[in-house]
Structures are given as C-alpha cells and as structure tokens.
>>> print(open('coords.txt').read())   # compact mmCIF, C-alpha atoms
# COMPACT_ATOMS: atom_id res chain seq x y z
CA MET A 1 -21.85 98.45 -19.36
CA ASN A 2 -19.38 99.29 -22.14
CA LEU A 3 -16.22 100.74 -20.66
CA GLU A 4 -14.17 100.65 -23.87
CA ARG A 5 -15.73 103.63 -25.66
CA PRO A 6 -16.44 106.26 -22.97
CA PHE A 7 -13.97 109.12 -22.66
CA TYR A 8 -12.72 109.96 -19.18
CA PRO A 9 -10.71 113.18 -18.77
CA ASN A 10 -7.27 112.74 -17.23
CA ASP A 11 -8.22 114.45 -13.97
CA LEU A 12 -10.01 113.68 -10.72
CA GLN A 13 -13.45 114.17 -12.28
CA GLY A 14 -12.62 111.68 -15.02
CA ARG A 15 -11.36 109.15 -12.51
CA ALA A 16 -14.42 109.63 -10.31
CA LYS A 17 -16.66 108.88 -13.30
CA LEU A 18 -14.63 105.80 -14.23
CA CYS A 19 -14.70 104.63 -10.61
CA SER A 20 -18.49 104.92 -10.53
CA ASP A 21 -18.90 103.17 -13.89
CA VAL A 22 -16.47 100.32 -13.29
CA ILE A 23 -17.68 99.47 -9.79
CA LEU A 24 -21.23 99.14 -11.14
CA SER A 25 -20.15 96.97 -14.06
CA ALA A 26 -18.00 94.83 -11.76
CA GLY A 27 -21.01 94.61 -9.47
CA ALA A 28 -23.10 93.16 -12.29
CA LEU A 29 -20.42 90.52 -12.83
CA VAL A 30 -20.27 89.73 -9.11
CA LEU A 31 -24.04 89.53 -8.81
CA ARG A 32 -24.21 87.02 -11.67
CA GLY A 33 -21.70 84.85 -9.85
CA PHE A 34 -23.68 85.13 -6.63
CA GLU A 35 -26.91 84.13 -8.36
CA GLU A 36 -25.30 81.13 -10.05
CA SER A 37 -24.98 79.42 -6.70
CA ALA A 38 -25.81 75.95 -7.99
CA SER A 39 -22.66 75.77 -10.12
CA ARG A 40 -20.45 78.00 -8.02
CA GLY A 41 -17.48 76.59 -6.14
CA PHE A 42 -14.91 78.09 -3.84
CA SER A 43 -11.38 77.35 -2.75
CA MET A 44 -9.47 78.35 0.35
CA LYS A 45 -6.59 80.84 0.57
CA GLY A 46 -6.24 80.13 4.30
CA PRO A 47 -8.31 79.36 7.40
CA GLN A 48 -11.71 81.07 7.05
CA ASP A 49 -10.44 82.87 3.91
CA PHE A 50 -12.52 82.04 0.85
CA LEU A 51 -11.39 82.60 -2.73
CA THR A 52 -14.15 82.51 -5.32
CA GLU A 53 -13.76 82.52 -9.08
CA THR A 54 -15.82 85.69 -9.06
CA ASP A 55 -13.19 87.40 -6.89
CA ALA A 56 -10.52 86.97 -9.55
CA ALA A 57 -12.87 87.86 -12.42
CA SER A 58 -13.98 91.06 -10.69
CA GLU A 59 -10.42 92.23 -10.06
CA ALA A 60 -9.38 91.45 -13.64
CA HIS A 61 -12.36 93.43 -14.95
CA ILE A 62 -11.54 96.48 -12.81
CA ARG A 63 -7.81 96.29 -13.54
CA LYS A 64 -8.44 96.10 -17.30
CA ALA A 65 -10.76 99.11 -17.34
CA ILE A 66 -8.35 101.28 -15.37
CA ALA A 67 -5.39 100.21 -17.53
CA GLU A 68 -7.31 101.07 -20.71
CA HIS A 69 -8.27 104.57 -19.63
CA PHE A 70 -5.44 105.54 -17.27
CA PRO A 71 -2.50 103.33 -18.25
CA ASP A 72 0.03 105.28 -16.17
CA ASP A 73 -1.90 104.80 -12.92
CA GLY A 74 -0.78 102.15 -10.45
CA PHE A 75 -3.01 99.31 -9.28
CA PHE A 76 -2.90 97.50 -5.93
CA GLY A 77 -5.46 94.71 -5.55
CA GLU A 78 -6.21 91.99 -3.05
CA GLU A 79 -5.90 89.12 -5.52
CA GLY A 80 -3.10 90.23 -7.84
CA GLY A 81 -1.16 92.74 -5.77
CA GLY A 82 0.54 95.33 -7.92
CA SER A 83 2.87 98.29 -7.83
CA ILE A 84 2.47 101.38 -5.65
CA SER A 85 2.75 104.80 -7.29
CA ASN A 86 1.71 108.41 -6.80
CA ARG A 87 -1.47 107.76 -8.78
CA LEU A 88 -2.85 104.56 -7.37
CA TRP A 89 -6.05 102.51 -7.36
CA VAL A 90 -6.57 100.26 -4.33
CA VAL A 91 -9.14 97.52 -4.96
CA ASP A 92 -10.90 94.72 -3.14
CA PRO A 93 -12.88 92.91 -5.86
CA VAL A 94 -15.18 91.12 -3.38
CA ASP A 95 -15.04 91.88 0.32
CA GLY A 96 -17.06 89.42 2.37
CA THR A 97 -16.25 86.33 0.30
CA ALA A 98 -17.26 83.98 3.13
CA ASN A 99 -20.74 85.53 3.02
CA PHE A 100 -20.71 85.38 -0.78
CA ALA A 101 -19.71 81.71 -0.82
CA ARG A 102 -22.47 80.82 1.65
CA SER A 103 -25.22 82.74 -0.24
CA ILE A 104 -25.46 85.56 2.30
CA PRO A 105 -26.11 88.86 0.44
CA HIS A 106 -23.72 90.94 2.57
CA PHE A 107 -20.62 91.58 0.46
CA CYS A 108 -19.26 94.41 -1.64
CA ILE A 109 -16.65 95.76 -4.00
CA SER A 110 -14.32 98.47 -2.68
CA ILE A 111 -12.31 100.88 -4.85
CA ALA A 112 -10.20 103.83 -3.74
CA TYR A 113 -8.10 106.23 -5.76
CA ILE A 114 -5.04 107.84 -4.15
CA GLU A 115 -3.12 110.73 -5.69
CA ASN A 116 0.13 112.11 -4.29
CA GLY A 117 -0.35 110.20 -1.06
CA ARG A 118 -3.92 111.30 -0.37
CA ALA A 119 -7.18 109.38 -0.83
CA GLU A 120 -9.29 111.38 -3.29
CA ILE A 121 -12.07 108.96 -4.29
CA GLY A 122 -13.72 106.06 -2.48
CA ALA A 123 -16.51 103.76 -3.63
CA ILE A 124 -18.16 100.74 -2.01
CA TYR A 125 -20.92 98.83 -3.82
CA ASN A 126 -23.16 96.02 -2.61
CA PRO A 127 -24.70 94.65 -5.83
CA ALA A 128 -27.10 92.36 -3.96
CA LEU A 129 -28.85 95.44 -2.53
CA ASP A 130 -27.87 97.79 -5.39
CA GLU A 131 -26.36 100.26 -2.89
CA LEU A 132 -23.48 102.41 -4.09
CA TYR A 133 -21.56 104.43 -1.52
CA PHE A 134 -19.39 107.14 -3.01
CA ALA A 135 -17.10 109.85 -1.62
CA GLU A 136 -14.78 112.48 -3.03
CA ARG A 137 -12.41 114.34 -0.75
CA GLY A 138 -13.92 117.66 0.27
CA VAL A 139 -17.21 116.94 -1.51
CA GLY A 140 -19.01 114.65 0.94
CA ALA A 141 -20.38 111.10 0.92
CA THR A 142 -23.50 109.64 -0.70
CA ARG A 143 -25.52 106.44 -0.99
CA ASN A 144 -27.10 106.09 -4.43
CA GLY A 145 -26.55 109.79 -4.98
CA GLN A 146 -28.15 110.97 -1.73
CA PRO A 147 -26.01 112.64 0.98
CA ILE A 148 -25.28 110.56 4.07
CA THR A 149 -23.96 111.39 7.54
CA VAL A 150 -22.75 109.40 10.50
CA SER A 151 -25.10 108.81 13.42
CA ALA A 152 -25.71 111.33 16.21
CA THR A 153 -25.32 108.65 18.88
CA THR A 154 -23.74 109.87 22.13
CA ALA A 155 -24.77 107.14 24.61
CA PHE A 156 -22.82 103.89 24.69
CA GLU A 157 -25.92 102.06 25.93
CA THR A 158 -27.62 102.72 22.58
CA ALA A 159 -24.52 102.29 20.41
CA SER A 160 -24.08 99.45 17.92
CA VAL A 161 -20.42 98.72 17.22
CA GLU A 162 -19.13 96.29 14.64
CA MET A 163 -15.78 94.58 15.06
CA GLY A 164 -13.81 92.51 12.60
CA TRP A 165 -10.82 90.28 13.24
CA SER A 166 -8.16 88.16 11.57
CA GLY A 167 -5.45 85.71 12.52
CA ARG A 168 -2.81 88.46 12.48
CA VAL A 169 -3.80 89.47 16.02
CA SER A 170 -4.13 87.02 18.91
CA ASN A 171 -7.53 85.94 20.15
CA GLU A 172 -6.62 87.13 23.63
CA ILE A 173 -6.24 90.74 22.43
CA TYR A 174 -9.54 90.58 20.56
CA LEU A 175 -11.33 89.16 23.58
CA GLU A 176 -9.87 91.88 25.77
CA THR A 177 -11.09 94.55 23.35
CA ILE A 178 -14.57 93.04 23.18
CA ARG A 179 -14.73 92.91 26.96
CA ASP A 180 -13.81 96.60 27.19
CA LEU A 181 -16.42 97.52 24.58
CA LEU A 182 -19.09 95.57 26.39
CA ALA A 183 -18.10 97.25 29.64
CA LEU A 184 -18.98 100.58 28.03
CA GLY A 185 -22.48 99.27 27.38
CA THR A 186 -22.21 98.93 23.61
CA ASN A 187 -23.67 96.19 21.45
CA VAL A 188 -20.86 94.40 19.57
CA ARG A 189 -21.51 92.50 16.37
CA ARG A 190 -19.75 91.15 13.28
CA ALA A 191 -21.26 90.83 9.82
CA GLY A 192 -18.30 89.60 7.77
CA SER A 193 -17.43 92.54 5.48
CA GLY A 194 -15.12 95.21 6.87
CA ALA A 195 -15.49 97.50 3.87
CA LEU A 196 -19.28 97.39 4.07
CA ALA A 197 -19.06 97.90 7.84
CA LEU A 198 -17.23 101.18 7.25
CA ALA A 199 -19.85 102.25 4.71
CA TYR A 200 -22.53 101.54 7.32
CA VAL A 201 -20.76 103.80 9.81
CA ALA A 202 -20.74 106.55 7.18
CA ASP A 203 -24.46 105.97 6.64
CA GLY A 204 -25.38 105.96 10.35
CA ARG A 205 -26.43 102.30 10.23
CA SER A 206 -23.65 101.44 12.68
CA ASP A 207 -22.09 103.78 15.21
CA ALA A 208 -18.49 102.53 14.98
CA TYR A 209 -16.24 99.95 13.37
CA ILE A 210 -13.03 98.51 14.79
CA GLU A 211 -10.51 96.08 13.35
CA LEU A 212 -7.15 95.56 15.00
CA HIS A 213 -5.51 94.70 11.67
CA MET A 214 -7.06 95.44 8.31
CA ASN A 215 -5.64 95.44 4.79
CA SER A 216 -5.60 98.72 2.91
CA TRP A 217 -7.81 97.45 0.08
CA ASP A 218 -10.51 96.76 2.66
CA CYS A 219 -10.46 100.14 4.38
CA VAL A 220 -9.08 103.08 2.36
CA ALA A 221 -12.36 103.77 0.55
CA GLY A 222 -14.39 103.26 3.71
CA LEU A 223 -12.26 105.57 5.85
CA LEU A 224 -12.68 108.32 3.28
CA LEU A 225 -16.45 107.71 3.26
CA VAL A 226 -16.65 108.01 7.05
CA ALA A 227 -14.49 111.14 7.15
CA GLU A 228 -16.56 112.79 4.42
CA ALA A 229 -19.77 111.81 6.25
CA GLY A 230 -18.61 113.68 9.36
CA GLY A 231 -17.16 110.80 11.35
CA ASP A 232 -13.93 110.37 13.27
CA VAL A 233 -11.33 107.98 11.87
CA CYS A 234 -7.91 106.73 12.87
CA PRO A 235 -4.73 108.00 11.16
CA PHE A 236 -4.45 104.71 9.29
CA MET A 237 -1.20 105.40 7.49
CA GLU A 238 0.53 106.73 10.57
CA ILE A 239 -0.19 103.58 12.58
CA GLY A 240 -0.11 101.16 9.63
CA SER A 241 0.83 101.23 5.96
CA LEU A 242 -0.69 100.90 2.53
CA ARG A 243 1.23 97.71 1.72
CA HIS A 244 1.05 95.96 5.08
CA GLY A 245 -2.19 97.27 6.60
CA GLY A 246 -2.84 98.21 10.20
CA PRO A 247 -5.50 98.92 12.85
CA VAL A 248 -8.74 100.66 11.86
CA LEU A 249 -11.23 102.73 13.81
CA ALA A 250 -14.15 104.72 12.41
CA SER A 251 -16.83 106.19 14.62
CA ALA A 252 -19.62 108.65 15.14
CA PRO A 253 -18.01 111.61 16.94
CA GLY A 254 -20.28 111.33 19.98
CA ILE A 255 -18.77 108.00 21.09
CA ALA A 256 -15.38 108.11 19.36
CA PRO A 257 -13.21 108.91 22.44
CA GLY A 258 -14.58 105.94 24.39
CA ILE A 259 -14.32 103.59 21.41
CA SER A 260 -10.74 104.75 20.89
CA GLN A 261 -9.86 104.07 24.52
CA ALA A 262 -11.46 100.62 24.52
CA SER A 263 -9.77 99.59 21.27
CA ARG A 264 -6.45 101.36 21.96
CA ILE A 265 -6.60 102.82 18.44
CA PRO A 266 -6.04 106.59 18.20
CA ILE A 267 -8.30 109.09 16.46
CA ALA A 268 -6.75 111.44 13.91
CA SER A 269 -6.40 114.97 15.26
CA ALA A 270 -8.98 117.49 14.09
CA ASP A 271 -6.47 119.42 11.96
CA ALA A 272 -4.82 116.33 10.46
CA PRO A 273 -5.50 115.33 6.83
CA VAL A 274 -7.18 112.07 7.80
CA ALA A 275 -7.28 110.81 4.22
CA GLU A 276 -3.55 111.35 3.64
CA LEU A 277 -1.62 108.12 3.13
CA ARG A 278 1.99 107.08 3.23
CA LEU A 279 2.85 104.94 0.24
CA ALA A 280 5.30 102.72 2.17
>>> encode(input="coords.txt", output="structure tokens")
Amino acid sequence: MNLERPFYPNDLQGRAKLCSDVILSAGALVLRGFEESASRGFSMKGPQDFLTETDAASEAHIRKAIAEHFPDDGFFGEEGGGSISNRLWVVDPVDGTANFARSIPHFCISIAYIENGRAEIGAIYNPALDELYFAERGVGATRNGQPITVSATTAFETASVEMGWSGRVSNEIYLETIRDLLALGTNVRRAGSGALALAYVADGRSDAYIELHMNSWDCVAGLLLVAEAGGDVCPFMEIGSLRHGGPVLASAPGIAPGISQASRIPIASADAPVAELRLA
C-alpha cells in the first residue's frame, strides 16, 4: 500500500484513515516476516521476551508514515520509545512476539491515537487471520467493518477469562489472583497477546481480560475497543500511567464486579471518561 501519496486531513477523520491504512500495510510486512519462517531468527530482550527483526521493521514503517503525514504528532512505541505530547500515537508493532517467533498465528499490531489526554482512535490487526479491530471514541467498535459488542455472559461458571502476566509482579500475587478467579467458577487461560486478548473481549470471544501490569502500547487501543463495544474497563491512567504502565481489567458488564474483586483492579465509574489518559 502506498502511504506517500494519499492526503489525510489534519483532523480526527484524517488520522483514523491513516491509522486504518498504516496498520494494514504494516500487517502485510509482518505477515511476510511470519511466512518466511525458514530464514527468520529472533533475539532476546529479556526472559521470555522475544525481539524479532519484523518487530523493528514494523515500528519503523508505522513511525515513518505518521511522521510524513502528521509531523507534529508525538510517537511512543515499544521498540524505539519516543516523546509524549498532546497529540500522540502509541504503538506496539508486534504484540505476541513469542507466538510469532514460534510460528503460532496469534499476534497483532496495536495502534492508538490520543489527543489532549484522551484516546480517540484504537486499532488492533491480526494479519495472520486478516482481522482488523477498529474503534473511534463515541462511534463504536468493529471487526472488519462490522459492529461488535462484548458478551452477554452473567454466570461465572460459563465465563472464559484470559489473564496475562510479566516479571514486574511476583508469581505469588498472580497465583493468588488465579486461585480467586477459579474459585468464582471461571475458566482461566492465556494465549500470549494482551492486545489481541482485549480485542477478543470487545468481540465477545472472551468474557474478560486481566493483567496486573501492562504497558500502555499493549492496552490503550484495546481498552478503547472494549469501552466502545459496551464493556467495563479499569481507569488505566488513574491506577497506572502512559509511560510506566499499570494494571488492566476489561470485562463483559455481567461479570465485571466479580472479576474486579478477584483481581483487585477497580472498574471505572459509569460517569467517568474511561478513555481519558494522563500523559505522565
């Protein structure tokens, strides 16, 4: 896809169009890397933290396109970091790199756009399945252009909850949380991509997602998707921060209070702007 010639108006509609275009073109790049498994290698950033060449190439591609069309916007990415500003793109170029590196087709690209401290646009794309999740604040959430909603689940015994974890929180706390979730009667699973897990909550494929510490590039787009799909989410930037991350909860409303209690992560109040972010 040629991103050098299209014109994108300097407004939210223009940025939404660029977001949709660039996540698809980055997806094509990522998919090529995934399919070239015979010659692909990976290195380690840390324990169980894979860095692929495709990761860096995807972020560079997205960063370049945004800089060409909206040069005054800030960019904050997983691989290259960046500055934080009132007009800001938050990007994970490949979430689920351990899956990617092991030829498991469960990974995605996540892009969010924040303006004046509020998430306005969120996109998550799994190129292996050609599924694009997209949300605009106040407009709703879609998968491949079709409206999506969170599940209507109200019974814990039929609920499927996904939980992610990292070394920033002790294993003992994670095990305690899992025990409390199991005590409710829920099924607990982990699939290796937090961003895609949030998209699945928005789409009703999962009933809730919990992570006791999550980076902003993994969750800002997904939290907006869930909120726009009618779900309950945590006040991420009240209990964490854009730069340093924090705990994440997203859930179908019917089970959200119990999931919140088990995880000890609050739900944003009904009248709170759940997509509003502090830039600290």
>>> closest_residue(input="coords.txt", among="A:Arg102, A:Arg32, A:His69, A:Arg63", to="Val90 (chain A)", atoms="all atoms listed in the file")
A:Arg63
>>> closest_residue(input="coords.txt", among="A:Asp207, A:Glu172, A:Asp218, A:Asp130", to="Thr158 (chain A)", atoms="only C-alpha atoms")
A:Asp207
>>> residues_near_point(input="coords.txt", point="(-20.0, 102.3, 22.4)", cutoff="7 Å", atoms="all atoms listed in the file", output="list of chain:residue names")
A:Phe156, A:Glu157, A:Ala159, A:Ser160, A:Val161, A:Leu181, A:Leu184, A:Gly185, A:Thr186, A:Ile255, A:Gly258, A:Ile259
>>> residues_around(input="coords.txt", residues="Val169 (chain A)", least_positions_apart="2", cutoff="12 Å", atoms="all atoms listed in the file", output="PyMOL selection string")
chain A and resi 164-167+171-177+211-214+246-247
>>> closest_residue(input="coords.txt", among="A:Ala227, A:Ala268, A:Ala252, A:Ala262", to="Ala119 (chain A)", atoms="all atoms listed in the file")
A:Ala227
>>> residues_around(input="coords.txt", residues="Cys108 (chain A)", least_positions_apart="2", cutoff="8 Å", atoms="all atoms listed in the file", output="count of residues only")
13
>>> closest_residue(input="coords.txt", among="A:Phe236, A:Tyr8, A:Tyr113, A:Phe107", to="Phe75 (chain A)", atoms="all atoms listed in the file")
A:Tyr113
>>> closest_residue(input="coords.txt", among="A:Val233, A:Ala28, A:Met163, A:Leu223", to="Ala191 (chain A)", atoms="all atoms listed in the file")
A:Met163
>>> closest_residue(input="coords.txt", among="A:Ile84, A:Ala101, A:Gly204, A:Ile109", to="Ser58 (chain A)", atoms="only C-alpha atoms")
A:Ile109
